[in-house]
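Undergrad: What follows is my_file_11.txt, compact mmCIF, C-alpha atoms.
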# COMPACT_ATOMS: atom_id res chain seq x y z
CA MET A 1 88.16 103.91 51.27
CA LEU A 2 84.97 102.29 52.54
CA LYS A 3 85.74 99.10 50.61
CA LEU A 4 89.25 99.01 52.10
CA THR A 5 87.86 99.46 55.61
CA ILE A 6 85.35 96.65 55.10
CA ALA A 7 88.05 94.40 53.68
CA LEU A 8 90.34 95.11 56.64
CA ALA A 9 87.51 94.47 59.11
CA ALA A 10 86.71 91.17 57.40
CA GLY A 11 90.37 90.18 57.57
CA VAL A 12 90.60 90.97 61.27
CA LEU A 13 87.40 89.00 61.95
CA ALA A 14 88.66 85.99 60.01
CA ALA A 15 91.99 86.09 61.84
CA SER A 16 90.31 86.35 65.25
CA GLN A 17 88.02 83.42 64.44
CA LEU A 18 91.01 81.32 63.37
CA HIS A 19 92.87 82.27 66.54
CA ALA A 20 89.84 81.37 68.68
CA GLN A 21 89.78 77.89 67.13
CA GLU A 22 93.46 77.20 67.83
CA ARG A 23 94.08 74.82 70.70
CA PRO A 24 97.36 73.45 72.03
CA ASN A 25 97.95 69.73 71.87
CA GLN A 26 96.35 67.96 74.87
CA ALA A 27 99.72 66.53 75.88
CA VAL A 28 101.11 70.07 76.12
CA ILE A 29 98.16 71.15 78.28
CA ASP A 30 98.53 68.11 80.57
CA ALA A 31 102.28 68.67 80.95
CA TYR A 32 101.77 72.34 81.81
CA ILE A 33 99.11 71.57 84.45
CA LYS A 34 101.29 68.84 85.96
CA SER A 35 104.26 71.21 86.19
CA THR A 36 102.21 73.76 88.15
CA PHE A 37 101.51 71.09 90.77
CA GLY A 38 105.11 69.82 90.80
CA LYS A 39 105.67 70.40 94.51
CA ALA A 40 102.17 69.45 95.63
CA SER A 41 101.42 66.51 97.88
CA PRO A 42 100.56 63.12 96.32
CA GLU A 43 96.90 63.79 97.18
CA TRP A 44 96.91 66.99 95.12
CA GLN A 45 98.89 65.32 92.33
CA ALA A 46 96.10 62.75 92.04
CA ARG A 47 93.49 65.51 91.75
CA ILE A 48 94.83 66.87 88.48
CA LYS A 49 94.23 63.63 86.60
CA PRO A 50 90.73 63.87 85.06
CA ASP A 51 88.38 60.91 85.33
CA GLU A 52 86.82 59.42 82.21
CA THR A 53 83.90 61.88 82.18
CA LEU A 54 86.00 64.98 82.70
CA ALA A 55 88.47 63.78 80.06
CA VAL A 56 85.63 63.68 77.51
CA CYS A 57 84.43 67.14 78.54
CA ASN A 58 87.97 68.52 78.24
CA ALA A 59 88.56 66.93 74.85
CA THR A 60 85.25 68.21 73.44
CA ARG A 61 85.47 71.61 75.14
CA ASN A 62 82.25 70.80 77.01
CA THR A 63 80.32 70.00 73.84
CA PRO A 64 80.12 66.19 73.81
CA SER A 65 78.29 64.39 71.05
CA SER A 66 74.88 62.86 71.66
CA ALA A 67 76.40 59.43 72.19
CA GLN A 68 79.05 60.83 74.53
CA SER A 69 76.39 62.73 76.49
CA ASP A 70 74.31 59.58 76.94
CA ALA A 71 77.40 57.67 78.09
CA ILE A 72 78.32 60.42 80.57
CA MET A 73 74.85 60.53 82.14
CA LYS A 74 74.64 56.74 82.39
CA ARG A 75 78.12 56.46 83.91
CA GLU A 76 77.61 59.30 86.39
CA ALA A 77 74.12 58.16 87.40
CA GLY A 78 75.73 54.91 88.51
CA ARG A 79 77.98 56.87 90.87
CA VAL A 80 75.17 58.56 92.80
CA ALA A 81 74.78 57.17 96.33
CA TYR A 82 71.35 57.92 97.75
CA PRO A 83 70.81 58.06 101.54
CA ALA A 84 70.49 54.57 103.00
CA ASP A 85 67.78 55.79 105.39
CA GLY A 86 65.72 57.12 102.48
CA LYS A 87 65.65 60.61 104.01
CA PHE A 88 66.75 63.45 101.73
CA LEU A 89 66.16 66.47 103.96
CA GLY A 90 68.26 67.53 106.92
CA ASP A 91 68.37 70.83 108.80
CA TRP A 92 67.78 73.91 106.63
CA LYS A 93 69.63 76.19 109.08
CA LYS A 94 72.74 74.06 108.72
CA GLY A 95 72.10 74.02 104.97
CA TYR A 96 72.25 77.81 104.94
CA GLN A 97 75.69 77.62 106.55
CA VAL A 98 76.89 75.09 103.95
CA ALA A 99 75.54 77.24 101.12
CA ASN A 100 77.41 80.28 102.45
CA ASN A 101 80.70 78.50 103.16
CA GLY A 102 83.28 78.83 100.37
CA ARG A 103 86.16 77.24 102.29
CA GLY A 104 87.66 73.79 101.83
CA GLY A 105 89.77 72.05 99.21
CA GLN A 106 92.36 74.83 98.96
CA PHE A 107 96.11 74.84 99.62
CA SER A 108 95.65 77.54 102.22
CA ASP A 109 93.12 75.56 104.28
CA PRO A 110 94.51 74.09 107.50
CA PRO A 111 93.95 70.36 108.14
CA GLY A 112 90.41 69.60 109.26
CA THR A 113 88.83 72.53 107.43
CA ILE A 114 85.16 71.76 106.77
CA ALA A 115 84.33 72.38 103.12
CA GLY A 116 81.22 74.24 102.06
CA GLY A 117 79.13 74.29 98.92
CA ASN A 118 79.61 78.01 98.19
CA CYS A 119 76.17 77.87 96.54
CA PHE A 120 75.64 81.63 96.63
CA ALA A 121 78.63 82.06 94.31
CA CYS A 122 76.47 80.80 91.44
CA HIS A 123 72.84 80.95 92.57
CA GLN A 124 70.29 83.17 94.20
CA LEU A 125 68.63 81.24 97.03
CA ASP A 126 67.16 83.34 99.83
CA PRO A 127 65.49 86.23 97.95
CA LYS A 128 66.48 88.59 100.78
CA GLU A 129 70.20 87.99 100.19
CA VAL A 130 71.75 90.89 98.29
CA SER A 131 74.94 89.15 97.13
CA TYR A 132 74.82 86.09 94.87
CA GLY A 133 76.16 84.81 91.58
CA THR A 134 74.30 84.42 88.32
CA LEU A 135 76.26 81.62 86.63
CA GLY A 136 73.49 79.24 87.67
CA PRO A 137 69.72 79.82 87.71
CA SER A 138 67.90 81.43 90.62
CA LEU A 139 66.80 78.85 93.18
CA SER A 140 64.50 81.20 95.05
CA ALA A 141 61.20 79.47 95.96
CA TYR A 142 62.75 76.21 94.73
CA GLY A 143 60.72 73.82 96.89
CA LYS A 144 57.58 75.94 96.80
CA ASP A 145 57.56 76.04 92.99
CA ARG A 146 57.92 72.27 92.89
CA LYS A 147 55.19 71.76 95.49
CA TYR A 148 57.68 69.84 97.67
CA ASP A 149 57.21 66.86 95.35
CA ALA A 150 59.10 63.69 96.37
CA GLU A 151 60.40 63.02 92.86
CA SER A 152 61.65 66.61 92.56
CA ILE A 153 63.46 66.19 95.88
CA LYS A 154 65.23 63.06 94.63
CA ASP A 155 66.11 64.78 91.34
CA ALA A 156 67.66 67.72 93.21
CA TYR A 157 69.70 65.37 95.38
CA THR A 158 71.00 63.68 92.23
CA LYS A 159 72.00 67.02 90.74
CA ILE A 160 73.88 68.12 93.87
CA TYR A 161 75.55 64.75 94.36
CA ASP A 162 76.62 64.40 90.72
CA SER A 163 75.56 67.18 88.37
CA MET A 164 76.82 65.32 85.31
CA ALA A 165 74.30 62.57 85.90
CA VAL A 166 71.77 65.22 84.84
CA VAL A 167 73.66 67.63 82.56
CA PRO A 168 76.74 66.32 80.71
CA CYS A 169 79.79 68.56 81.24
CA SER A 170 77.86 70.70 83.71
CA ASN A 171 79.69 73.65 85.28
CA MET A 172 78.30 72.64 88.65
CA PRO A 173 80.71 70.71 90.91
CA ARG A 174 80.03 67.04 91.56
CA PHE A 175 79.77 67.58 95.31
CA GLY A 176 79.07 64.00 96.40
CA VAL A 177 81.18 62.07 93.92
CA ASN A 178 84.22 64.24 94.56
CA LYS A 179 83.62 64.16 98.33
CA VAL A 180 83.43 67.94 98.59
CA LEU A 181 80.32 67.62 100.78
CA THR A 182 79.28 64.80 103.08
CA GLU A 183 75.90 63.10 102.81
CA ASP A 184 74.67 65.04 105.84
CA GLN A 185 75.79 68.34 104.33
CA ILE A 186 73.96 67.55 101.10
CA LYS A 187 70.83 66.69 103.10
CA ASP A 188 71.10 70.03 104.90
CA VAL A 189 71.42 71.92 101.60
CA MET A 190 68.42 69.96 100.34
CA ALA A 191 66.43 71.12 103.37
CA TYR A 192 67.50 74.70 102.67
CA LEU A 193 66.04 74.27 99.17
CA PHE A 194 62.87 72.38 100.10
CA ASP A 195 61.85 72.95 103.70
CA PRO A 196 58.71 75.17 103.79
CA ASP A 197 60.24 77.03 106.76
CA SER A 198 63.42 77.83 104.85
CA PRO A 199 63.77 81.47 103.76
CA VAL A 200 64.29 80.14 100.23
CA ASN A 201 60.57 79.32 100.12
CA LYS A 202 59.21 82.40 101.90
For this file, produce the structure as structure tokens.
TA:
Amino acid sequence: MLKLTIALAAGVLAASQLHAQERPNQAVIDAYIKSTFGKASPEWQARIKPDETLAVCNATRNTPSSAQSDAIMKREAGRVAYPADGKFLGDWKKGYQVANNGRGGQFSDPPGTIAGGNCFACHQLDPKEVSYGTLGPSLSAYGKDRKYDAESIKDAYTKIYDSMAVVPCSNMPRFGVNKVLTEDQIKDVMAYLFDPDSPVNK
């Protein structure tokens, strides 16, 4: 009886592993996604077409090869636009508002809706906040831990502007490249992370 149970368990495990590896043809996936946006505006229709980087991430299920990873980071690094005035930090109080705003980029948003970063959905920032996500690492004391170093500030800007310039197939949105946030909004979020007066660093 024990041998039969073990054999059955092994069979179920093998079947589940096989099922987990099954994947529909990419053309089928693309057609299905397109059909769900059939009545959307041309702007939204354009959004469902992945760019070259996202196409690689989709095809590899977010596990690109070493060569693909290098190509992604090089390509995305070239898309990062740093502030022309050389200033990376804005107003941390405005940055807090951006970090807490999850609106923007949705069908239900009226025209003119200002998008936010929704940072708290994935990260802890202000240690006093009781509600935050854990998909991303804690950013509490972010600037303090990095001693407000200029190079660290530039690196953080790069990551917010285009996360895939730093981590290929990152789960983090490419806020600058995809025009989710403006340059000023990114600067304000940067200040929220790095300003010594920000509650993030208290």
Undergrad: Provide the atom CA of A:Ile186 to atom CA of A:Ile160 distance in Å, to one decimal place.
TA: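 Taking atom CA of A:Ile186 and atom CA of A:Ile160, their separation equals 7.3 Å.
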Undergrad: Which of these, A:Val28, A:Val80, A:Met190, A:Leu89, has the shortest distance to A:Tyr161 once you count all atoms listed in the file?
TA: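 The answer is A:Val80, which sits nearest to A:Tyr161.
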Undergrad: Name the closest residue to A:Asp184 among the candidates A:Trp92, A:Ser152, A:Thr60, A:Cys169; distances are taken between atoms, counting only C-alpha atoms.
TA: A:Trp92
Undergrad: Calculate how many Å separate atom CA of A:Gly104 from atom CA of A:Asp162, rounding to one decimal.
TA: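 Atom-to-atom, atom CA of A:Gly104 to atom CA of A:Asp162, that is 18.3 Å.
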Undergrad: Out of A:Gly176, A:Ile114, A:Gln124, A:Gln68, which residue has the shortest atom-to-atom distance to A:Val56 when counting all atoms listed in the file?
TA: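 Going through A:Gly176, A:Ile114, A:Gln124, A:Gln68 one by one, the smallest distance to A:Val56 is for A:Gln68.
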Undergrad: Just add N, CA and C atoms to stretch 100-135 of chain A and send it as a CSV table (one decimal), keeping the file's coordinate frame.
TA:
chain,number,residue,atom,x,y,z
A,100,ASN,N,76.6,79.0,102.3
A,100,ASN,CA,77.4,80.3,102.4
A,100,ASN,C,78.9,80.0,102.7
A,101,ASN,N,79.3,78.8,102.9
A,101,ASN,CA,80.7,78.5,103.2
A,101,ASN,C,81.5,78.2,101.9
A,102,GLY,N,82.5,79.0,101.6
A,102,GLY,CA,83.3,78.8,100.4
A,102,GLY,C,84.6,78.2,100.7
A,103,ARG,N,84.9,77.8,101.9
A,103,ARG,CA,86.2,77.2,102.3
A,103,ARG,C,86.2,75.7,102.0
A,104,GLY,N,87.5,75.2,102.0
A,104,GLY,CA,87.7,73.8,101.8
A,104,GLY,C,88.3,73.5,100.5
A,105,GLY,N,89.2,72.5,100.5
A,105,GLY,CA,89.8,72.0,99.2
A,105,GLY,C,90.8,73.0,98.6
A,106,GLN,N,91.4,73.9,99.4
A,106,GLN,CA,92.4,74.8,99.0
A,106,GLN,C,93.7,74.6,99.7
A,107,PHE,N,94.8,75.0,99.0
A,107,PHE,CA,96.1,74.8,99.6
A,107,PHE,C,96.2,75.6,101.0
A,108,SER,N,95.5,76.7,101.0
A,108,SER,CA,95.6,77.5,102.2
A,108,SER,C,94.8,77.1,103.4
A,109,ASP,N,94.0,76.1,103.2
A,109,ASP,CA,93.1,75.6,104.3
A,109,ASP,C,93.9,74.7,105.2
A,110,PRO,N,93.8,75.0,106.5
A,110,PRO,CA,94.5,74.1,107.5
A,110,PRO,C,93.8,72.7,107.5
A,111,PRO,N,94.5,71.7,108.0
A,111,PRO,CA,94.0,70.4,108.1
A,111,PRO,C,92.7,70.4,109.0
A,112,GLY,N,91.7,69.7,108.5
A,112,GLY,CA,90.4,69.6,109.3
A,112,GLY,C,89.4,70.7,108.9
A,113,THR,N,89.8,71.5,107.9
A,113,THR,CA,88.8,72.5,107.4
A,113,THR,C,87.6,71.9,106.8
A,114,ILE,N,86.4,72.3,107.3
A,114,ILE,CA,85.2,71.8,106.8
A,114,ILE,C,84.8,72.5,105.5
A,115,ALA,N,84.7,71.8,104.4
A,115,ALA,CA,84.3,72.4,103.1
A,115,ALA,C,82.9,72.8,103.1
A,116,GLY,N,82.6,73.8,102.3
A,116,GLY,CA,81.2,74.2,102.1
A,116,GLY,C,80.9,74.1,100.6
A,117,GLY,N,79.6,74.4,100.3
A,117,GLY,CA,79.1,74.3,98.9
A,117,GLY,C,79.3,75.6,98.1
A,118,ASN,N,79.4,76.7,98.8
A,118,ASN,CA,79.6,78.0,98.2
A,118,ASN,C,78.5,78.3,97.2
A,119,CYS,N,77.3,77.8,97.5
A,119,CYS,CA,76.2,77.9,96.5
A,119,CYS,C,75.8,79.3,96.1
A,120,PHE,N,76.0,80.3,97.0
A,120,PHE,CA,75.6,81.6,96.6
A,120,PHE,C,76.6,82.2,95.6
A,121,ALA,N,77.7,81.6,95.3
A,121,ALA,CA,78.6,82.1,94.3
A,121,ALA,C,78.0,82.0,92.9
A,122,CYS,N,77.1,81.0,92.8
A,122,CYS,CA,76.5,80.8,91.4
A,122,CYS,C,75.0,81.0,91.4
A,123,HIS,N,74.3,80.9,92.6
A,123,HIS,CA,72.8,81.0,92.6
A,123,HIS,C,72.3,82.0,93.5
A,124,GLN,N,71.1,82.5,93.2
A,124,GLN,CA,70.3,83.2,94.2
A,124,GLN,C,69.5,82.1,94.9
A,125,LEU,N,69.4,82.2,96.3
A,125,LEU,CA,68.6,81.2,97.0
A,125,LEU,C,67.6,82.0,97.9
A,126,ASP,N,68.0,82.5,99.0
A,126,ASP,CA,67.2,83.3,99.8
A,126,ASP,C,67.0,84.7,99.1
A,127,PRO,N,65.7,85.0,98.7
A,127,PRO,CA,65.5,86.2,98.0
A,127,PRO,C,65.9,87.5,98.7
A,128,LYS,N,66.1,87.4,100.0
A,128,LYS,CA,66.5,88.6,100.8
A,128,LYS,C,68.0,88.8,100.7
A,129,GLU,N,68.7,87.8,100.3
A,129,GLU,CA,70.2,88.0,100.2
A,129,GLU,C,70.5,89.0,99.1
A,130,VAL,N,71.4,89.9,99.3
A,130,VAL,CA,71.8,90.9,98.3
A,130,VAL,C,73.0,90.5,97.4
A,131,SER,N,73.7,89.5,97.9
A,131,SER,CA,74.9,89.2,97.1
A,131,SER,C,74.9,87.7,96.7
A,132,TYR,N,74.9,87.5,95.4
A,132,TYR,CA,74.8,86.1,94.9
A,132,TYR,C,75.3,86.1,93.4
A,133,GLY,N,75.7,84.9,92.9
A,133,GLY,CA,76.2,84.8,91.6
A,133,GLY,C,75.0,84.5,90.6
A,134,THR,N,75.3,84.6,89.3
A,134,THR,CA,74.3,84.4,88.3
A,134,THR,C,74.7,83.4,87.3
A,135,LEU,N,75.8,82.7,87.6
A,135,LEU,CA,76.3,81.6,86.6
A,135,LEU,C,75.2,80.5,86.5
